[in-house]
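Asks: For reference, the file final32.cif (mmCIF, C-alpha atoms and all ligand atoms) is included below:
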data_protein
loop_
_atom_site.label_atom_id
_atom_site.label_comp_id
_atom_site.auth_asym_id
_atom_site.auth_seq_id
_atom_site.Cartn_x
_atom_site.Cartn_y
_atom_site.Cartn_z
CA MET H 110 -94.96 223.92 52.09
CA ASP H 111 -93.64 223.38 48.59
CA ILE H 112 -90.51 221.29 48.88
CA ARG H 113 -90.29 220.86 45.11
CA GLN H 114 -88.92 224.39 44.76
CA LEU H 115 -85.50 223.69 46.34
CA GLY H 116 -83.60 223.97 43.06
CA ALA H 117 -85.72 226.82 41.70
CA ASN H 118 -85.13 228.81 44.87
CA LEU H 119 -81.34 228.46 44.48
CA GLN H 120 -81.64 229.67 40.89
CA GLU H 121 -83.69 232.64 42.10
CA VAL H 122 -80.89 233.61 44.53
CA ARG H 123 -78.34 233.42 41.72
CA ASP H 124 -80.51 235.34 39.27
CA ARG H 125 -81.42 238.13 41.68
CA LYS H 126 -78.13 238.42 43.64
CA PRO H 127 -79.79 239.86 46.73
CA LEU H 128 -77.96 242.42 48.84
CA VAL H 129 -77.57 240.96 52.33
CA HIS H 130 -76.75 243.42 55.12
CA ASN H 131 -74.88 241.63 57.91
CA ILE H 132 -74.19 242.94 61.38
CA THR H 133 -72.16 239.97 62.46
CA ASN H 134 -69.30 238.89 64.66
CA VAL H 135 -65.60 239.54 64.21
CA VAL H 136 -64.77 235.82 63.92
CA VAL H 137 -66.79 235.08 60.80
CA THR H 138 -66.97 238.31 58.80
CA ASN H 139 -64.65 237.32 55.96
CA PHE H 140 -65.95 233.75 55.68
CA THR H 141 -69.53 235.04 55.62
CA ALA H 142 -68.80 237.59 52.87
CA ASN H 143 -66.95 234.98 50.81
CA GLY H 144 -69.69 232.38 51.28
CA LEU H 145 -72.43 234.79 50.19
CA LEU H 146 -70.37 235.86 47.15
CA ALA H 147 -69.69 232.25 46.20
CA LEU H 148 -73.38 231.41 46.39
CA GLY H 149 -74.24 234.38 44.16
CA ALA H 150 -75.55 236.90 46.70
CA SER H 151 -74.09 240.31 47.47
CA PRO H 152 -72.81 240.84 51.03
CA VAL H 153 -72.37 244.11 52.86
CA MET H 154 -71.09 244.44 56.42
CA ALA H 155 -72.05 247.79 57.97
CA TYR H 156 -72.08 248.60 61.67
CA ALA H 157 -72.00 252.37 62.22
CA ARG H 158 -75.18 253.78 63.73
CA GLN H 159 -74.86 256.70 61.29
CA GLU H 160 -75.46 254.40 58.30
CA VAL H 161 -77.14 251.15 59.31
CA ALA H 162 -80.73 252.36 58.79
CA GLU H 163 -79.92 253.57 55.29
CA ILE H 164 -78.23 250.32 54.30
CA ALA H 165 -80.77 247.99 55.90
CA GLY H 166 -83.55 249.92 54.16
CA ILE H 167 -82.24 249.13 50.69
CA ALA H 168 -81.06 245.58 51.42
CA GLY H 169 -82.88 242.40 50.39
CA ALA H 170 -82.39 241.03 53.91
CA LEU H 171 -80.79 242.01 57.21
CA VAL H 172 -78.89 239.42 59.29
CA LEU H 173 -78.22 240.16 62.97
CA ASN H 174 -75.62 237.95 64.66
CA ILE H 175 -74.69 238.48 68.32
CA GLY H 176 -71.50 236.38 68.26
CA THR H 177 -69.21 239.13 69.59
CA LEU H 178 -71.84 241.61 70.73
CA ASN H 179 -71.25 244.87 72.53
CA GLU H 180 -73.43 247.79 73.53
CA VAL H 181 -72.70 249.96 70.50
CA GLU H 182 -73.33 247.10 68.08
CA VAL H 183 -76.60 246.15 69.74
CA GLU H 184 -77.81 249.73 69.37
CA ALA H 185 -76.88 249.59 65.67
CA MET H 186 -78.77 246.29 65.30
CA LYS H 187 -81.92 247.89 66.67
CA LEU H 188 -81.63 250.92 64.36
CA ALA H 189 -81.05 248.66 61.37
CA GLY H 190 -83.84 246.30 62.42
CA ARG H 191 -86.38 249.13 62.73
CA ALA H 192 -85.47 250.46 59.28
CA ALA H 193 -85.73 246.96 57.81
CA ASN H 194 -89.13 246.44 59.43
CA GLU H 195 -90.42 249.77 58.06
CA ARG H 196 -89.37 248.77 54.52
CA GLY H 197 -90.57 245.16 54.73
CA VAL H 198 -87.00 243.82 54.56
CA PRO H 199 -86.85 240.36 56.22
CA VAL H 200 -84.66 240.15 59.33
CA VAL H 201 -82.80 236.96 60.34
CA LEU H 202 -81.39 236.57 63.87
CA ASP H 203 -78.51 234.27 64.83
CA PRO H 204 -78.55 234.23 68.67
CA VAL H 205 -74.96 232.97 68.95
CA GLY H 206 -74.25 231.78 72.48
CA ALA H 207 -77.72 232.56 73.91
CA GLY H 208 -77.66 230.77 77.25
CA ALA H 209 -73.88 231.05 77.61
CA SER H 210 -74.17 234.40 79.39
CA ALA H 211 -77.10 236.40 80.72
CA TYR H 212 -76.09 239.33 78.48
CA ARG H 213 -76.37 237.20 75.33
CA THR H 214 -79.71 235.70 76.35
CA GLU H 215 -81.20 239.06 77.32
CA THR H 216 -79.91 240.78 74.18
CA ALA H 217 -81.32 238.10 71.89
CA ARG H 218 -84.67 238.31 73.68
CA SER H 219 -84.74 242.11 73.46
CA LEU H 220 -84.06 241.98 69.71
CA LEU H 221 -86.97 239.55 69.39
CA ASP H 222 -89.21 241.77 71.54
CA GLU H 223 -88.40 245.05 69.82
CA LEU H 224 -88.09 243.93 66.21
CA ASP H 225 -90.15 241.92 63.80
CA ILE H 226 -87.78 239.00 63.22
CA ALA H 227 -88.71 236.70 60.32
CA ILE H 228 -86.35 233.78 61.04
CA VAL H 229 -84.19 232.69 63.97
CA ARG H 230 -81.38 230.23 63.14
CA GLY H 231 -79.35 228.67 65.90
CA ASN H 232 -78.28 225.45 67.52
CA ALA H 233 -80.59 223.54 69.86
CA ALA H 234 -79.08 225.04 73.02
CA GLU H 235 -79.53 228.61 71.76
CA ALA H 236 -83.15 227.99 70.77
CA ALA H 237 -83.94 226.25 74.06
CA ASN H 238 -82.36 228.98 76.19
CA LEU H 239 -84.23 231.68 74.26
CA ILE H 240 -87.52 230.17 75.39
CA GLY H 241 -86.44 229.47 78.95
CA ARG H 242 -85.63 225.77 78.58
CA ASP H 243 -82.45 224.27 79.97
CA TRP H 244 -79.91 223.04 77.43
CA THR H 245 -76.17 223.01 78.07
CA ILE H 246 -74.15 225.42 75.99
CA ARG H 247 -70.37 225.68 76.13
CA GLY H 248 -69.26 228.99 74.66
CA VAL H 249 -70.99 229.06 71.28
CA ASP H 250 -71.36 225.30 70.80
CA ALA H 251 -74.44 223.29 71.76
CA GLY H 252 -73.83 220.71 74.44
CA ALA H 253 -75.83 217.64 75.29
CA GLY H 254 -79.49 218.40 75.70
CA GLY H 255 -82.23 215.99 75.22
CA GLY H 256 -85.68 215.65 73.89
CA ASP H 257 -87.43 216.12 70.66
CA VAL H 258 -85.75 218.84 68.57
CA ALA H 259 -88.62 219.01 66.06
CA GLU H 260 -90.96 219.76 68.95
CA LEU H 261 -88.47 222.30 70.36
CA ALA H 262 -88.46 224.09 66.97
CA ARG H 263 -92.26 224.10 66.93
CA GLN H 264 -92.53 225.42 70.49
CA ALA H 265 -89.87 228.07 69.89
CA ALA H 266 -91.62 229.23 66.70
CA LEU H 267 -94.90 229.58 68.59
CA LYS H 268 -93.33 231.37 71.53
CA LEU H 269 -91.11 233.69 69.48
CA GLY H 270 -93.71 234.30 66.75
CA CYS H 271 -91.39 233.59 63.81
CA VAL H 272 -89.81 230.77 61.84
CA VAL H 273 -87.20 228.91 63.89
CA ALA H 274 -84.47 226.81 62.27
CA ILE H 275 -82.54 224.59 64.68
CA THR H 276 -79.45 223.05 63.11
CA GLY H 277 -77.35 220.06 64.05
CA GLU H 278 -76.91 216.60 62.58
CA THR H 279 -80.53 216.96 61.45
CA ASP H 280 -81.97 220.44 61.01
CA TYR H 281 -85.56 221.21 62.02
CA VAL H 282 -87.48 224.24 60.80
CA SER H 283 -90.90 225.29 62.02
CA ASP H 284 -93.33 228.18 61.85
CA GLY H 285 -95.39 226.68 64.66
CA ARG H 286 -97.85 225.03 62.28
CA ARG H 287 -95.62 223.43 59.66
CA THR H 288 -92.38 221.63 60.61
CA ALA H 289 -89.75 220.15 58.29
CA ALA H 290 -86.62 218.08 58.87
CA VAL H 291 -83.56 218.58 56.65
CA ARG H 292 -80.99 215.80 56.81
CA GLY H 293 -77.58 215.45 55.18
CA GLY H 294 -74.68 217.85 55.35
CA ASP H 295 -71.40 216.74 56.89
CA ALA H 296 -70.00 216.69 60.42
CA LEU H 297 -66.90 218.57 59.15
CA LEU H 298 -69.11 221.68 59.22
CA THR H 299 -68.76 221.55 63.01
CA ARG H 300 -64.96 221.88 62.60
CA VAL H 301 -65.17 225.14 60.65
CA THR H 302 -65.88 228.24 62.71
CA GLY H 303 -68.67 230.27 61.23
CA ALA H 304 -70.41 227.42 59.43
CA GLY H 305 -73.55 228.22 61.40
CA CYS H 306 -73.12 231.99 61.07
CA LEU H 307 -72.64 231.79 57.29
CA LEU H 308 -75.71 229.57 57.12
CA SER H 309 -77.77 232.28 58.87
CA SER H 310 -76.63 234.76 56.22
CA VAL H 311 -77.40 232.27 53.43
CA ILE H 312 -80.89 231.99 54.92
CA GLY H 313 -81.01 235.79 54.66
CA ALA H 314 -80.16 235.59 50.94
CA TYR H 315 -83.00 233.12 50.41
CA ALA H 316 -85.44 235.17 52.51
CA ALA H 317 -84.71 238.14 50.23
CA VAL H 318 -86.09 236.27 47.21
CA VAL H 319 -88.49 233.64 48.61
CA PRO H 320 -91.58 235.24 50.19
CA ASP H 321 -92.48 232.37 52.57
CA PRO H 322 -89.83 232.42 55.36
CA LEU H 323 -90.32 228.74 56.12
CA GLU H 324 -89.77 227.79 52.50
CA ALA H 325 -86.78 230.14 52.31
CA ALA H 326 -85.14 228.54 55.36
CA VAL H 327 -85.78 224.97 54.19
CA ALA H 328 -84.40 225.65 50.71
CA ALA H 329 -81.30 227.35 52.17
CA LEU H 330 -80.64 224.43 54.54
CA ALA H 331 -81.05 221.90 51.72
CA ALA H 332 -78.62 223.76 49.43
CA TYR H 333 -76.11 224.16 52.26
CA SER H 334 -76.25 220.46 53.14
CA ALA H 335 -75.88 219.45 49.50
CA ALA H 336 -72.84 221.72 49.10
CA ALA H 337 -71.31 220.27 52.30
CA GLU H 338 -71.79 216.69 51.11
CA LEU H 339 -70.15 217.41 47.78
CA ALA H 340 -67.32 219.30 49.49
CA ALA H 341 -66.69 216.42 51.90
CA ALA H 342 -66.56 213.97 49.00
CA ARG H 343 -64.02 216.21 47.25
CA ALA H 344 -61.75 217.20 50.15
CA GLY H 345 -63.06 215.73 53.41
CA LYS H 346 -60.20 213.25 53.83
CA GLN H 347 -57.70 216.12 54.02
CA GLY H 348 -59.43 217.71 57.00
CA PRO H 349 -61.24 220.94 57.94
CA GLY H 350 -58.93 223.40 56.13
CA SER H 351 -59.30 221.76 52.74
CA PHE H 352 -62.98 221.10 53.43
CA GLN H 353 -63.57 224.80 54.14
CA ILE H 354 -62.09 225.81 50.78
CA ALA H 355 -63.96 223.04 48.96
CA PHE H 356 -67.17 224.12 50.67
CA LEU H 357 -66.78 227.70 49.36
CA ASP H 358 -66.14 226.24 45.89
CA LEU H 359 -69.26 224.08 46.20
CA LEU H 360 -71.44 227.01 47.28
CA TRP H 361 -70.44 228.45 43.92
CA SER H 362 -70.88 225.28 41.83
CA VAL H 363 -73.70 223.35 43.51
CA SER H 364 -76.49 223.25 40.96
CA PRO H 365 -80.25 223.39 41.36
CA SER H 366 -80.39 219.76 40.20
CA ASP H 367 -77.73 218.73 42.79
CA VAL H 368 -79.93 220.29 45.48
CA GLU H 369 -82.98 218.43 44.25
CA ARG H 370 -81.05 215.16 43.96
CA LEU H 371 -79.29 215.40 47.33
CA GLY H 372 -81.86 217.39 49.33
CA LYS H 373 -83.31 215.28 52.15
CA VAL H 374 -86.34 217.28 53.24
CA GLU H 375 -89.18 215.63 55.10
CA VAL H 376 -92.35 217.38 56.17
CA VAL H 377 -92.80 216.37 59.81
CA GLU H 378 -96.05 218.24 60.31
CA GLY H 379 -98.38 220.54 58.40
P1 LIG R 1 -72.67 224.79 67.01
O1 LIG R 1 -71.89 225.97 67.47
O2 LIG R 1 -73.40 224.06 68.08
O3 LIG R 1 -71.84 223.90 66.11
P2 LIG R 1 -73.62 226.30 64.77
O4 LIG R 1 -74.24 227.62 64.98
O5 LIG R 1 -72.20 226.26 64.31
O6 LIG R 1 -73.81 225.41 66.06
P3 LIG R 1 -74.50 224.01 63.38
O7 LIG R 1 -75.61 223.42 64.15
O8 LIG R 1 -73.15 223.39 63.52
O9 LIG R 1 -74.44 225.57 63.69
O10 LIG R 1 -74.97 224.04 61.87
C1 LIG R 1 -74.17 224.50 60.79
C2 LIG R 1 -74.34 223.52 59.64
O11 LIG R 1 -73.71 222.29 60.00
C3 LIG R 1 -75.79 223.15 59.33
O12 LIG R 1 -75.93 223.06 57.92
C4 LIG R 1 -75.97 221.77 59.95
O13 LIG R 1 -76.91 220.99 59.24
C5 LIG R 1 -74.58 221.20 59.78
N1 LIG R 1 -74.24 220.16 60.75
C6 LIG R 1 -74.01 220.34 62.07
N2 LIG R 1 -73.71 219.16 62.67
C7 LIG R 1 -73.74 218.22 61.69
C8 LIG R 1 -73.52 216.80 61.66
N3 LIG R 1 -73.18 216.11 62.76
N4 LIG R 1 -73.67 216.15 60.48
C9 LIG R 1 -74.01 216.83 59.36
N5 LIG R 1 -74.21 218.17 59.31
C10 LIG R 1 -74.09 218.87 60.46
N1 LIG R 2 -66.95 233.00 69.26
C1 LIG R 2 -67.80 234.00 69.21
S1 LIG R 2 -68.67 234.07 67.76
C2 LIG R 2 -67.90 232.67 67.19
C3 LIG R 2 -66.98 232.22 68.14
C4 LIG R 2 -66.10 231.06 67.99
C5 LIG R 2 -68.21 232.07 65.87
C6 LIG R 2 -69.33 231.07 65.99
O1 LIG R 2 -69.69 230.61 64.73
P1 LIG R 2 -70.62 229.31 64.50
O2 LIG R 2 -71.15 229.57 63.15
O3 LIG R 2 -71.68 229.32 65.55
O4 LIG R 2 -69.72 228.12 64.56
MG MG R 3 -71.15 224.53 64.16
MG MG R 4 -73.65 229.36 65.83
#
Translate the structure of the given file into structure tokens.

Replies:
Amino acid sequence: MDIRQLGANLQEVRDRKPLVHNITNVVVTNFTANGLLALGASPVMAYARQEVAEIAGIAGALVLNIGTLNEVEVEAMKLAGRAANERGVPVVLDPVGAGASAYRTETARSLLDELDIAIVRGNAAEAANLIGRDWTIRGVDAGAGGGDVAELARQAALKLGCVVAITGETDYVSDGRRTAAVRGGDALLTRVTGAGCLLSSVIGAYAAVVPDPLEAAVAALAAYSAAAELAAARAGKQGPGSFQIAFLDLLWSVSPSDVERLGKVEVVEG
């Protein structure tokens, strides 16, 4: 894994402005589109089964997020996912709330079974529940769990056959062979709804331009954490509202050298 490319990968996103097709939840749609625009990517939200295959097929990445899932949307996700797979477009899955209801868990698993997913990004509870491990989840937020999250990421990557990024105070990313820890960020991210969902879409933007999905996820997490740290320094004292605006500003202004200076990536294994 080349962790010296963190800044170069951000520049690549800005230079290539990848089109990111999001089928996401109703809570975070606007924040996700604004965050991708601020970073330098090009968001499109498209849900109709009449069009999703066409749009996913020309996108740089497809992001599937089950935050407010329903039957019609899940059908659209599968149509879009198949078109993306046929065209070699990387697919990112955010299994929001997996474990909170049987429908969410089963839907996330069926997307993983039926589609070739490149990267799963979720909290520890979602990742654990996807692979049949117990971990408390309350609505969409991870509760207390326990154990070694780096090992959970590794096991989930092996079992699901893709890169798994588990976020929290420290993020862990694994492809089953190589595992990295990304530290930093700011706890105010947990007070802004959609901070995780936007991150999954940012990972999509990176996956569109960085061929190795593990490297793409690590670079996205490092940039996101750096932007959050700078935003907290600028506006954190005022609280989550001001932080959210500052964070969007920082996604726009964080520089490749900021990411290299602030990025706290450690290769745990591989
Ligand atoms: P949850 O619903 O459990 O909060 P999520 O899907 O919103 O999960 P998070 O795990 O909160 O996603 O991750 C979103 C971003 O917030 C990531 O960049 C992560 O590193 C960061 N983050 C989460 N908790 C902390 C923390 N305590 N300190 C610093 N950064 C954090
Ligand atoms: N309810 C359903 S989806 C959603 C909520 C609150 C947004 C979750 O966003 P995140 O990024 O996991 O905080
Ligand atoms: Mg959160
Ligand atoms: Mg989430």

Asks: One number please: CA of Asp243 (chain H) to CA of Thr216 (chain H), in Å, one decimal.

Replies: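 Separation of CA of Asp243 (chain H) and CA of Thr216 (chain H): 17.7 Å.
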
Asks: So the first atom is CA of Val181 (chain H) and the second is CA of Ala168 (chain H); what is the distance between them in Å, to one decimal place?

Replies: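 Between these atoms lies a distance of 21.3 Å.
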
Asks: Which residues sit within 9 Å of ligand MG 3 (chain R), counting all atoms listed in the file, listed as a list in words?

Replies: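 Final answer, ordered by chain and number: Asn232, Val249, Asp250, Ala251, Thr276, Gly277, Ala296, Leu297, Leu298, Thr299, Arg300, Val301, Thr302, Gly303, Ala304, Gly305 and Cys306 of chain H.
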
Asks: Considering all atoms listed in the file, state which residue in the set H:Ala193, H:Val137, H:Leu221, H:Ala325 is at the smallest distance from ligand LIG 1 (chain R).

Replies: H:Val137

Asks: Rank nothing, just name the residue among H:Leu188, H:Leu128, H:Leu115, H:Ala236 nearest to Ala331 (chain H), using all atoms listed in the file.

Replies: H:Leu115

Asks: For CA of Ala227 (chain H) and CA of Ser366 (chain H), determine how far apart the two atoms are, in Å to one decimal place.

Replies: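 If I compute the distance from CA of Ala227 (chain H) to CA of Ser366 (chain H), I get 27.6 Å.
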
Asks: Need the shell around Ile132 (chain H): protein/DNA/RNA residues with any atom at most 12 Å away, counting only C-alpha atoms. Skip same-chain ones fewer than 4 positions apart. Format as a PyMOL selection string?

Replies: chain H and resi 137-138+141-142+152-158+160-162+164-165+170-179+181-190+200-203+306-307+309-310+313

Asks: In terms of the shortest atom-to-atom distance over only C-alpha atoms and all ligand atoms, which of H:Leu239, H:Ile275, H:Val135, H:Ile354 is closest to ligand LIG 2 (chain R)?

Replies: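 Under the stated criterion, the closest residue is H:Val135.
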
Asks: Would you pick out the contacts of Ala289 (chain H) at 6 Å or less, using all atoms listed in the file, so that residues sharing its chain but fewer than 3 positions from it are not included, and give the list as a PyMOL selection string?

Replies: chain H and resi 281-282+375-377

Asks: Applying 12 Å and only C-alpha atoms, which residues near Glu324 (chain H) remain after dropping the ones on its own chain fewer than 2 positions away? List them as a PyMOL selection string.

Replies: chain H and resi 110-119+227-228+272-274+282-284+287-289+291+312+315-322+326-331+374+376

Asks: H:Glu121, H:Ala209, H:Glu163, H:Glu378: which is nearest ligand LIG 2 (chain R), counting only C-alpha atoms and all ligand atoms?

Replies: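 When distances to ligand LIG 2 (chain R) are compared using only C-alpha atoms and all ligand atoms, the smallest one comes from H:Ala209.
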